[in-house]
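Please read the structure below before turning to the comments.
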Amino acid sequence: MTRKATRLTVEGLFAGYGRIEVLHGLSLAVAAGELLAVVGANGAGKTTLLRVISGLLPARAGRVLLDGRAVTGIAAEKLASAGLTHVPENRLVFPGMSVADNLSLGAYSRRRGSGQAVEQDRRFVLDLFPRLAHRLAQPAGTLSGGEQQMLAIGRGLMARPKALLLDEPSLGLAPKLVSEIFAVLGSLRDQGDLATVVVEQNARAALRIADRAVVLDRGRVLLSGTPKALLTDPRVQAAYLGRGYTEVAP
């Protein structure tokens, strides 16, 4: 099997807010066509990691590379045009705009491109999320939470990203909708060379679809490996999968 090239690389990243340092020399890499799950407790640095990668928060040290090119310090809007899409926590769709207009806005960085290609991508998104196809004229703010999450992911895909960053896509959603969305993420991974990073507190759901996973703890990578290995690791079971600490104490 041919090994795919590394698409997204984080090297020795330090970042934080004011005097508080959140990331402490964090490093990871994601290949084209790979889905990496990032799990960890509240305050582990998961959201901060995505914000630095996507240019929303400056790095204090270290660097981010996209297809081998250093992109640290590049403005978020330019990174989006370069192929790095960030779907933030809590969805953040434009509530007063229609579903169709939200999707079109996702292709804004391609505004000089072919209208036919944009329409083709919109059909691709609607095939992934059929619920949205019946709501194109509906204001995004009137959608259910799960539908808004689908729209947020679809809007991100309209930019034709090389790397897709997803922050807590299961947050506040019913289990059935979580299953639908994660099934789509798994199919996206299998369809092309998109590098996907999924930050999740729902460790079971994230590990079920991931190729690899890392566990963050206080701004550092505590563990990394295959989902199977992490699911059987006593530390992961104790902290994230509901088993008591006393069960795995020496």
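Labeling convention for the structure tokens: chains A, B, ... as they appear, residues from 1 per chain, ligands from 1 in order of appearance.
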Determine, using only C-alpha atoms, which residues of range 136-231 of chain A have any atom at most 9 Å from an atom of range 237-241 of chain A, and tabulate each with its shortest atom pair and distance in Å to one decimal place, rows ordered by chain and then rising number, as a tab-separated table.
```
residue	atom	partner	partner_atom	distance
A:Gln201	CA	A:Tyr240	CA	7.9
A:Asn202	CA	A:Tyr240	CA	8.1
A:Ala203	CA	A:Tyr240	CA	6.4
A:Arg204	CA	A:Leu241	CA	7.0
A:Leu230	CA	A:Gln237	CA	8.2
A:Leu231	CA	A:Gln237	CA	6.6
```
Inset, instruction - Take CA of Val197 in chain A and CA of Arg135 in chain A and report the distance between them in Å, one decimal. - result: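 About the pair CA of Val197 in chain A and CA of Arg135 in chain A: they are 28.0 Å apart.
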Inset, instruction - Find, counting only C-alpha atoms, the residue in A:Lys78, A:Arg208, A:Arg60, A:Arg91 that gets nearest to Gly25 in chain A. - result: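 The shortest atom-to-atom distance to Gly25 in chain A comes from A:Arg60.
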Inset, instruction - Please identify all polymer residues within 8 Å of Ala174 in chain A, counting only C-alpha atoms, omitting same-chain residues fewer than 3 positions from it, and present them as number ranges by chain. - result: A: 146, 177-178
